[in-house]
Amino acid sequence: MDRLRIFKVVPGWTIPLVLGVLVAILPFVNVDYSIIRQVQLALILSLLVSGLNLSLGFAGELALGQAAMYAGGAYAAGILSKAGHTDILLQLAVAGLAALAVGIITGIPGLRLGSWSLAMTSFFLVLMVPDILSIFREETGGRNGLTGILSPTLFGNVLNPDQYYLVIVIVTALWFVVMRNIAVSRHGIALRVLKQSPVLASSMGISVFRMKLLAYSLGAIPAGLAGALFASLDLYVSPEAFAFTVATTVLAASVLGGSASVYGALVGAFILQFGLNQSSGYKEYSLLVTGAFLLIGGVLLTGGLTGLARQIANRYSPATAHERSVENASDVEFAAVPGKTLRVAGVSKSFGGNRALVEVDLEAVPGRITALIGPNGSGKTTLLNMICGFYRTDAGQISLDGDRLDKLGSDQVARAGVARTFQTPNIPEGISVLEAVTSGRYAHQRATVLEAVLRLPRYRRVRREDLAEARRALDLTGIRHLEDLEAVSLPLGQRRLLEVARCLVSSPGVLLLDEVASGLDEDEVDRLADVVRRVRDAGGTVVLVEHNFQLVLSLADEIVALAHGELMARGTPTEIENNPRVMSEYLGIDTSAGGEPVVLADIAPGKTPTRPLEERHE
Amino acid sequence: MSKGVNMKNRLVTLAGGAAALSLVLSACGSGSEDGASSDDYKVIVLGGIGGEGVLADNALTSVNSAQAGVKFVNKSGGVDGRKVTIKVIDDSADPTVAVTKLREAINSDKPDLVLNSGPSTVSDATLPILKQNKILSFNIGPTQTSSDPKQFPLNFDLSASAGDQIQAYLPYFGEKGYKKVGVLHGSSSYGEVFAKSSEEIFSKGGLEVTANKEYDVAALDMSAQLAAIRDTKPDVLVLDAYGAPLGYVLKGLEKLGWDIPVIGNTSVSATGIISTEPPSGVLGTAVVKNLVMQVYKSTKFDPAATGVNNAVKTMKGIGPIKATLILAYNYDALPLVAAAAEKAGSSEPADIAKALEDSSVQESADTVILTRYNFTADDHAPNPNADEFAFIPPSKLKDGQFQ
Amino acid sequence: MTLIWGGLALGAVYALVAIGYNIVFIASKTFNFAQAQLMMVGAFVAYSGLVTWDLPWPLVVLMAGVVVAVVAAIEERIAIRPVKDVHNVLVTTLGASIFLDGAVQLIWGSQPLTVPFFGGNDAVTIAGGRAYPVEIALIVIVILLVGALVLISRRTMVGLVLLGMSEDREAAQLRGVNVRAMALSAFVAAGAIAGLLGLFVGSKTFAVSTLGAALALKGFVVLAIGGFGSIPGVLVGGTLVGLVEAYASRYLGGEYANLSVFLILIAVLLARPAGLFVRSKERVV
């Protein structure tokens, strides 16, 4: 435990700082030139990899066009330098902007495409860099490259190689500070939400469009900086420096270092730079060595080197998080939840010829739990998706306190106050329970990326509130003691509670719970029911879509039963319990046979006749 | 958050450890190995011998010729009485790698002479460094500025520029009566220069350039471009192509059934398939019946040319000559330097450079690939005389020479 | 018409690569970056068989099929099976492709080698256009191959299992499908096809160590246009890419060929993000 305490005393940025200083003094301690050069190239490469990590590792977007943005930055800086503007700060700024422009333009396909299509278009884009440079050969020197770049200056002084080395180290270090600040900020977590699932992101009020654009544009900036640094390093740029091999090297470095980590970019870049430099010493065998190097590296390093390190760290560090005792959830004071009235009026929807919903009405009011039941295919999930804005209504209206929802996009619906959980809990990887809960507030409280990077007062205030609110929600759901654990590692019941907590921090006007009890044991169901009741008592509007009839009867104030997309029955639990249509169609009990009256409350959760295996949409 | 923080710390420690480790590893890998004494005249030859594709063969030949040149001058007393040693550096034909390795070499053991085997992008990247370190250099990948002594006073281009080569087409075209020229070139750096120069020189020489088309060097079919050129009805097709693209162009010509004289540049002559008989090559088949290639006289075997034949023998002793002798310019660099050093009585870079501009030195140097390098105080390009070139049909290639 | 034949033949070569990608993708949801390199190896083996050893062509075709299938199987065991992360597969198969490039260059050198075609090596006139016999053969082969694969996937058990796996790997596994064996078989099948056709492709393109790199990305473009996992889609994708490339080179100039293909790709994908022949999934939650 002593070692752990030491780690706690030393702030997280100390080691990168020490390493940074060590790297910075290399030229002044008589280190071999070849190493200096390799370090410079590795640092430039690490900037590219870091940009890719933002889009690939954090946002989960296979946008691999870093080499094109790199070229944009390098040529912008080079052309600027030839025109006599040699100040490195100016070049960095302009190159960053040029790369940003390239990044946004090349990101446009990605706004609509996903996964492999995006990967291939962005790779293909890289292939076209020489063609485009060749078309503008007057300005770019075409395939013969851009010569005549002048030595870089800073405030009018020409930089010597050692000074320029320092410039590279400082720019890279500053970028990694920025990258770290983004990664641990609410924006970094929101990017991981996007990576987990665009559906999740928009159901939390996060605009998928804006998040993707953010990821592409943020990822372009380091590529632009790298371009400017490279142009003034070699004073020569040619299309070869931005060829397909650069794109694949950046990808390999990202994967081998660990895409979903901040410093993995540095690790991967150094491995690749030094590794590939070694392989070129094998002369005619160099391709073989390079190939084998990537092959073996890819096989050994799942999740990258940093992923490996994380696994080791997890294995050897005692689970301190469990030490805190479980607090009694019911002791926690509950602030008022300002619920709103959800009104669904005459909503219809068909898919092809299949009528999924026919003129369905539903009203959920604050301080009440409204349950939505019905057999499979009755339209429950469709209705839920329509409320959330994933499907458009064919007819009818959906409104929240009188504001129309049915014309809004799903993220706008969420921001209007609709929060939901998922049948299969939908939680991003690689973040803690606490962080996962704070992400529920992302769309509702503003703090810009710049504020997060510079840690400005507003960011700090929002961050403080995020944490306080999240802890309160965790107390409420009784999982506060788990806040430091990795969110996805929790068992199902606790992940469900986590989702509820994530909804609560957004102070939802209406809380939609989708099959929230499925797969839980009795204790877990009880705890969940308790949480839901307390939300109601605090004034919240709750809509419960549930198969567990027992839970519905004990929890709901009003029950709406659907069948074949139509409203079958509506009423209090007692009324529904005794409704003959519900009994025959939903519970499969033949009332006309005149047998014993069924006491539905006796049907234990999990034994309800409506839960055969294939009905679980997972 | 405590656990999160300490975990991050560990990660960073590990990351730092890995980086430091790779630093150490690379330090071990890059020790210098040659046992040259300090008085030796140290030569470095750069070449992309580990590169991909056909370029590797060219680089090997360039490197081989440099080594043969060293042997030759060592036999006749070295440079200014100093024994010549040579070190080969593989730059993968990549400018960034070349800069890295050249800087490495300069810092560990500064060479007296650097021979650059191209391509021109490598020259562009390395020349500023050589200039900065005041190192004499010869270069077979000419760039727009490489032969300008005002820019690079210590660099000399060995290979004829695209312009020099194209200039030599004019008398040949006049002899054949060609008036209208179509040009097809690759999307390489040389292809771009070739296209630009041919447009200028042909127009200046009173010829009409009816079409000047580019193909992607990674493309697999060039018949579309050929069809476009055919529509402009030229008398002759001037072709820049190397490797597989040459094969695609020849196939395209046959497919179109286009019966037109084709003049291939030196890249064409350096491609293996035209000097190889079927089934693995196309020598002697219908597709090359209209093809004539520009080569140096030294690239065509002549039993009477003893200088060339001796050079070939020396090169063969070092390793097989895989490309044509056009790429053996580096051989000539050493006799040039030796002659200049003798004249100057010094092996200082500036003295040698000055002597190289002297026509008596050029005359006395035992060069074989080109018999005469016409360097001047204003121009460090070889400016070969037109009689150095020959236009020959494809034939078998033996030890880098057409038979 | 000459232009059309040329474009179609080129498209056929790209489509053959795309078919290989597709078979692997359907069976294992991974991408084999080295697929084009496998085809290149097939071309070189065909060269050795026909030219160096002077063997009859049916034997050469078989031999190339077997050799490349073995190479593909080795690749699957080394570069795919031990890797858990999808993104790592991008790196390992990239490594495999570079390795194959290097190996081929070591064994066969870097100069292009002519692979003679048994159906004749002189251009002929067909339907008003000039074409080499091998170009026509390639067009016919790709159509027959797509037809055969579609039949197999609809009519046979193996095909149905593959389709099931591409829909839901875990479900297939639960129903007793040996997913690993299927993934290996898919690699072997894709390798065998690449090898068998190496002779034809090599006759059109020469056996040259840069062939893999030239084919890889265009194959991907064909795949993306046709749709990931759609075998018939590669025909349309190949035709489109081959013809666009030919016509752009003819009328706009070679430097615009790739640019035009890229614009077509973007246009198709923006209209149909999953490709022409694959529907995007409608259900979201």
# chains A, B, ... in the order shown; residues from 1 in each chain; ligands from 1
>>> residues_around(residues="stretch 94-106 of chain C", least_positions_apart="5", cutoff="7 Å", atoms="only C-alpha atoms", output="list in words")
Tyr285, Leu287, Leu288, Gly291, Ala292, Leu294 and Leu295 of chain A; Phe33, Ala34, Gln37 and Ser209 of chain C
>>> write_last_selection(atoms="N, CA and C atoms", output="CSV table (one decimal), in the first residue's frame")
chain,number,residue,atom,x,y,z
A,285,TYR,N,16.0,-7.4,-47.3
A,285,TYR,CA,15.0,-8.1,-46.5
A,285,TYR,C,14.1,-7.1,-45.7
A,287,LEU,N,11.5,-5.3,-46.4
A,287,LEU,CA,10.1,-5.4,-46.5
A,287,LEU,C,9.6,-6.6,-45.6
A,288,LEU,N,10.4,-7.7,-45.7
A,288,LEU,CA,10.1,-8.9,-44.9
A,288,LEU,C,10.1,-8.5,-43.4
A,291,GLY,N,7.1,-6.3,-42.5
A,291,GLY,CA,5.9,-7.1,-42.5
A,291,GLY,C,5.8,-7.9,-41.2
A,292,ALA,N,6.9,-8.6,-40.9
A,292,ALA,CA,6.9,-9.5,-39.7
A,292,ALA,C,6.7,-8.7,-38.5
A,294,LEU,N,5.0,-5.8,-38.1
A,294,LEU,CA,3.6,-5.4,-37.9
A,294,LEU,C,2.8,-6.6,-37.5
A,295,LEU,N,3.1,-7.8,-38.2
A,295,LEU,CA,2.3,-9.0,-37.9
A,295,LEU,C,2.4,-9.4,-36.4
C,33,PHE,N,-6.3,-7.5,-45.7
C,33,PHE,CA,-5.5,-6.5,-46.5
C,33,PHE,C,-4.7,-7.2,-47.6
C,34,ALA,N,-4.3,-8.5,-47.3
C,34,ALA,CA,-3.3,-9.1,-48.1
C,34,ALA,C,-4.0,-9.9,-49.3
C,37,GLN,N,-2.4,-9.3,-52.6
C,37,GLN,CA,-1.0,-9.9,-52.6
C,37,GLN,C,-1.2,-11.4,-52.9
C,209,SER,N,6.0,-7.3,-58.6
C,209,SER,CA,5.9,-7.2,-57.1
C,209,SER,C,5.1,-6.0,-56.6
>>> residues_around(residues="stretch 46-50 of chain C", least_positions_apart="5", cutoff="9 Å", atoms="only C-alpha atoms", output="number ranges by chain")
B: 279-280; C: 41, 55-57, 59-61, 63-64, 108, 113-116, 195-196, 198-200, 202, 206-207
>>> write_last_selection(atoms="C-alpha atoms", output="short mmCIF file (atom, residue, chain, number, x, y, z; two decimals), in the first residue's frame")
data_model
loop_
_atom_site.label_atom_id
_atom_site.label_comp_id
_atom_site.auth_asym_id
_atom_site.auth_seq_id
_atom_site.Cartn_x
_atom_site.Cartn_y
_atom_site.Cartn_z
CA PRO B 279 7.95 -16.36 -72.89
CA SER B 280 9.06 -14.19 -69.97
CA VAL C 41 1.55 -14.68 -55.55
CA LEU C 55 4.23 -27.21 -67.40
CA PRO C 56 0.84 -27.56 -69.14
CA TRP C 57 -1.54 -24.77 -68.16
CA LEU C 59 -1.61 -28.17 -64.06
CA VAL C 60 -0.22 -24.69 -63.49
CA VAL C 61 -3.67 -23.33 -62.62
CA MET C 63 -0.73 -25.75 -58.67
CA ALA C 64 -1.16 -22.00 -58.19
CA TRP C 108 11.21 -13.47 -58.32
CA LEU C 113 7.55 -10.94 -65.86
CA THR C 114 5.30 -11.95 -68.73
CA VAL C 115 2.77 -14.66 -67.95
CA PRO C 116 1.77 -16.16 -71.32
CA GLY C 195 -4.38 -18.70 -56.95
CA LEU C 196 -6.45 -20.38 -59.65
CA GLY C 198 -3.40 -15.86 -60.91
CA LEU C 199 -2.56 -17.05 -64.42
CA PHE C 200 -5.35 -14.99 -65.95
CA GLY C 202 -0.91 -12.19 -64.48
CA PHE C 206 2.37 -9.12 -65.75
CA ALA C 207 3.68 -10.77 -62.61
#
>>> select_by_dssp(residues="stretch 64-191 of chain B", states="strand (DSSP E or B)", output="PyMOL selection string")
chain B and resi 79+82+84-90+113-116+136-139+155-157+180-186
>>> write_last_selection(atoms="C-alpha atoms", output="PDB file, in the first residue's frame")
ATOM      1  CA  VAL B  79      42.663  10.556 -54.788  1.00  0.00           C
ATOM      2  CA  ARG B  82      44.875   9.032 -50.396  1.00  0.00           C
ATOM      3  CA  VAL B  84      39.621   5.674 -51.166  1.00  0.00           C
ATOM      4  CA  THR B  85      37.142   3.833 -48.925  1.00  0.00           C
ATOM      5  CA  ILE B  86      33.437   3.575 -49.616  1.00  0.00           C
ATOM      6  CA  LYS B  87      30.427   3.075 -47.384  1.00  0.00           C
ATOM      7  CA  VAL B  88      27.020   2.092 -48.738  1.00  0.00           C
ATOM      8  CA  ILE B  89      23.889   3.580 -47.186  1.00  0.00           C
ATOM      9  CA  ASP B  90      20.446   2.214 -47.987  1.00  0.00           C
ATOM     10  CA  LEU B 113      32.444  12.712 -51.110  1.00  0.00           C
ATOM     11  CA  VAL B 114      28.784  11.680 -51.324  1.00  0.00           C
ATOM     12  CA  LEU B 115      27.352   9.896 -54.333  1.00  0.00           C
ATOM     13  CA  ASN B 116      23.598  10.014 -54.571  1.00  0.00           C
ATOM     14  CA  LEU B 136      31.541  17.437 -52.399  1.00  0.00           C
ATOM     15  CA  SER B 137      28.758  15.457 -54.074  1.00  0.00           C
ATOM     16  CA  PHE B 138      27.775  13.829 -57.330  1.00  0.00           C
ATOM     17  CA  ASN B 139      24.199  13.171 -58.140  1.00  0.00           C
ATOM     18  CA  ASN B 155      27.442  19.433 -56.341  1.00  0.00           C
ATOM     19  CA  PHE B 156      27.811  17.998 -59.844  1.00  0.00           C
ATOM     20  CA  ASP B 157      25.083  16.200 -61.751  1.00  0.00           C
ATOM     21  CA  LYS B 180       4.351  15.986 -85.076  1.00  0.00           C
ATOM     22  CA  VAL B 181       5.085  14.416 -81.710  1.00  0.00           C
ATOM     23  CA  GLY B 182       2.834  12.785 -79.135  1.00  0.00           C
ATOM     24  CA  VAL B 183       4.187  12.419 -75.595  1.00  0.00           C
ATOM     25  CA  LEU B 184       3.114   9.848 -73.003  1.00  0.00           C
ATOM     26  CA  HIS B 185       4.692  10.003 -69.557  1.00  0.00           C
ATOM     27  CA  GLY B 186       4.265   8.493 -66.118  1.00  0.00           C
TER      28      GLY B 186
END
>>> interface_residues(of="chain B", to="chain C", cutoff="8 Å", atoms="only C-alpha atoms", output="PyMOL selection string")
chain B and resi 52-57+187+213-216+218-221+223-225+227-228+243-244+247-248+254-256+271-273+278-282
>>> atom_distance(atom1="atom CA of A:Ala71", atom2="atom CA of A:Gly224")
7.8 Å
>>> residues_around(residues="stretch 182-184 of chain C", least_positions_apart="5", cutoff="10 Å", atoms="only C-alpha atoms", output="list in words")
Ile23, Val24, Phe25, Ile26, Ala27, Ser28, Lys29, Thr30, Ala72, Ala73, Ile74, Glu75, Glu76, Arg77, Ile80, Arg81, Val158, Val161, Leu162, Met165, Val177, Ala189 and Ala190 of chain C
>>> atom_distance(atom1="atom CA of B:Phe389", atom2="atom CA of B:Leu226")
26.9 Å
>>> closest_atom_pairs(of="chain A", to="chain C", cutoff="8 Å", atoms="only C-alpha atoms", output="JSON lines")
{"residue": "A:Pro109", "atom": "CA", "partner": "C:Leu270", "partner_atom": "CA", "distance": 6.9}
{"residue": "A:Arg112", "atom": "CA", "partner": "C:Leu270", "partner_atom": "CA", "distance": 6.6}
{"residue": "A:Leu113", "atom": "CA", "partner": "C:Pro273", "partner_atom": "CA", "distance": 5.4}
{"residue": "A:Gly114", "atom": "CA", "partner": "C:Pro273", "partner_atom": "CA", "distance": 7.6}
{"residue": "A:Ser117", "atom": "CA", "partner": "C:Ala224", "partner_atom": "CA", "distance": 6.0}
{"residue": "A:Met120", "atom": "CA", "partner": "C:Phe220", "partner_atom": "CA", "distance": 6.7}
{"residue": "A:Thr121", "atom": "CA", "partner": "C:Ile266", "partner_atom": "CA", "distance": 7.5}
{"residue": "A:Phe124", "atom": "CA", "partner": "C:Leu217", "partner_atom": "CA", "distance": 7.0}
{"residue": "A:Leu125", "atom": "CA", "partner": "C:Phe262", "partner_atom": "CA", "distance": 7.6}
{"residue": "A:Met128", "atom": "CA", "partner": "C:Leu259", "partner_atom": "CA", "distance": 6.8}
{"residue": "A:Asp131", "atom": "CA", "partner": "C:Glu255", "partner_atom": "CA", "distance": 5.9}
{"residue": "A:Ser134", "atom": "CA", "partner": "C:Glu255", "partner_atom": "CA", "distance": 7.8}
{"residue": "A:Ile135", "atom": "CA", "partner": "C:Glu255", "partner_atom": "CA", "distance": 7.4}
{"residue": "A:Val199", "atom": "CA", "partner": "C:Val284", "partner_atom": "CA", "distance": 7.0}
{"residue": "A:Thr248", "atom": "CA", "partner": "C:Leu94", "partner_atom": "CA", "distance": 8.0}
{"residue": "A:Leu251", "atom": "CA", "partner": "C:Val91", "partner_atom": "CA", "distance": 7.5}
{"residue": "A:Ala252", "atom": "CA", "partner": "C:Val91", "partner_atom": "CA", "distance": 5.6}
{"residue": "A:Val255", "atom": "CA", "partner": "C:Asn88", "partner_atom": "CA", "distance": 6.3}
{"residue": "A:Leu256", "atom": "CA", "partner": "C:Asn88", "partner_atom": "CA", "distance": 7.8}
{"residue": "A:Glu284", "atom": "CA", "partner": "C:Leu106", "partner_atom": "CA", "distance": 7.3}
{"residue": "A:Tyr285", "atom": "CA", "partner": "C:Gly102", "partner_atom": "CA", "distance": 6.9}
{"residue": "A:Ser286", "atom": "CA", "partner": "C:Gly102", "partner_atom": "CA", "distance": 7.5}
{"residue": "A:Leu287", "atom": "CA", "partner": "C:Gly102", "partner_atom": "CA", "distance": 4.7}
{"residue": "A:Leu288", "atom": "CA", "partner": "C:Phe99", "partner_atom": "CA", "distance": 4.5}
{"residue": "A:Val289", "atom": "CA", "partner": "C:Phe99", "partner_atom": "CA", "distance": 7.3}
{"residue": "A:Thr290", "atom": "CA", "partner": "C:Ile98", "partner_atom": "CA", "distance": 7.1}
{"residue": "A:Gly291", "atom": "CA", "partner": "C:Gly95", "partner_atom": "CA", "distance": 4.0}
{"residue": "A:Ala292", "atom": "CA", "partner": "C:Gly95", "partner_atom": "CA", "distance": 6.1}
{"residue": "A:Phe293", "atom": "CA", "partner": "C:Gly95", "partner_atom": "CA", "distance": 7.1}
{"residue": "A:Leu294", "atom": "CA", "partner": "C:Gly95", "partner_atom": "CA", "distance": 4.7}
{"residue": "A:Leu295", "atom": "CA", "partner": "C:Thr92", "partner_atom": "CA", "distance": 4.2}
{"residue": "A:Ile296", "atom": "CA", "partner": "C:Thr92", "partner_atom": "CA", "distance": 7.3}
{"residue": "A:Gly297", "atom": "CA", "partner": "C:Thr92", "partner_atom": "CA", "distance": 7.7}
{"residue": "A:Gly298", "atom": "CA", "partner": "C:Thr92", "partner_atom": "CA", "distance": 5.1}
{"residue": "A:Val299", "atom": "CA", "partner": "C:Val83", "partner_atom": "CA", "distance": 5.3}
{"residue": "A:Leu300", "atom": "CA", "partner": "C:Val83", "partner_atom": "CA", "distance": 7.9}
{"residue": "A:Leu301", "atom": "CA", "partner": "C:Asn88", "partner_atom": "CA", "distance": 8.0}
{"residue": "A:Thr302", "atom": "CA", "partner": "C:Asp85", "partner_atom": "CA", "distance": 6.0}
{"residue": "A:Gly303", "atom": "CA", "partner": "C:Asp85", "partner_atom": "CA", "distance": 7.1}
{"residue": "A:Asn385", "atom": "CA", "partner": "C:Val285", "partner_atom": "CA", "distance": 7.6}
{"residue": "A:Phe390", "atom": "CA", "partner": "C:Val284", "partner_atom": "CA", "distance": 7.5}
{"residue": "A:Phe422", "atom": "CA", "partner": "C:Val285", "partner_atom": "CA", "distance": 7.9}
>>> select_by_dssp(residues="stretch 118-327 of chain A", states="helix (DSSP H, G or I)", output="PyMOL selection string")
chain A and resi 118-127+129-135+137-140+142-144+161-184+186-196+198-203+208-234+239-242+244-257+264-300+304-316+320-323
>>> atom_distance(atom1="atom CA of B:Gly77", atom2="atom CA of B:Ala105")
25.8 Å
>>> closest_residue(among="B:Pro153, B:Gly177, B:Gly47, B:Pro320", to="chain A", atoms="only C-alpha atoms")
B:Gly47
>>> residues_around(residues="A:Ile170", least_positions_apart="5", cutoff="12 Å", atoms="only C-alpha atoms", output="count of residues only")
19
>>> residues_around(residues="C:Pro232", least_positions_apart="6", cutoff="9 Å", atoms="only C-alpha atoms", output="list of chain:residue names")
C:Val146, C:Gly147, C:Leu149, C:Val150, C:Gly226, C:Phe277
>>> write_last_selection(atoms="N, CA and C atoms", output="PDB file, in the first residue's frame")
ATOM      1  N   VAL C 146     -19.146 -15.238 -60.034  1.00  0.00           N
ATOM      2  CA  VAL C 146     -20.197 -14.615 -59.223  1.00  0.00           C
ATOM      3  C   VAL C 146     -21.450 -15.472 -59.271  1.00  0.00           C
ATOM      4  N   GLY C 147     -21.803 -15.946 -60.492  1.00  0.00           N
ATOM      5  CA  GLY C 147     -22.984 -16.805 -60.618  1.00  0.00           C
ATOM      6  C   GLY C 147     -22.850 -18.040 -59.743  1.00  0.00           C
ATOM      7  N   LEU C 149     -20.955 -18.540 -57.124  1.00  0.00           N
ATOM      8  CA  LEU C 149     -20.955 -18.234 -55.686  1.00  0.00           C
ATOM      9  C   LEU C 149     -22.369 -17.917 -55.196  1.00  0.00           C
ATOM     10  N   VAL C 150     -23.134 -17.225 -56.023  1.00  0.00           N
ATOM     11  CA  VAL C 150     -24.512 -16.911 -55.625  1.00  0.00           C
ATOM     12  C   VAL C 150     -25.304 -18.203 -55.482  1.00  0.00           C
ATOM     13  N   GLY C 226     -20.214  -1.884 -54.345  1.00  0.00           N
ATOM     14  CA  GLY C 226     -21.174  -2.980 -54.471  1.00  0.00           C
ATOM     15  C   GLY C 226     -21.872  -3.278 -53.163  1.00  0.00           C
ATOM     16  N   PHE C 277     -25.817  -2.799 -53.047  1.00  0.00           N
ATOM     17  CA  PHE C 277     -26.584  -4.032 -52.918  1.00  0.00           C
ATOM     18  C   PHE C 277     -26.833  -4.461 -51.482  1.00  0.00           C
TER      19      PHE C 277
END
>>> residues_around(residues="A:Leu54", least_positions_apart="5", cutoff="9 Å", atoms="only C-alpha atoms", output="PyMOL selection string")
chain A and resi 49+59-61+179+183+188+191+215-216+218-219+259-262
>>> residues_around(residues="B:Tyr329", least_positions_apart="3", cutoff="9 Å", atoms="only C-alpha atoms", output="list in words")
Ser62, Ser65, Ala66, Ser117, Asn139, Ile140, Leu158, Ser159, Leu325, Ile326, Asp332, Ala333, Val368, Ile369 and Leu370 of chain B
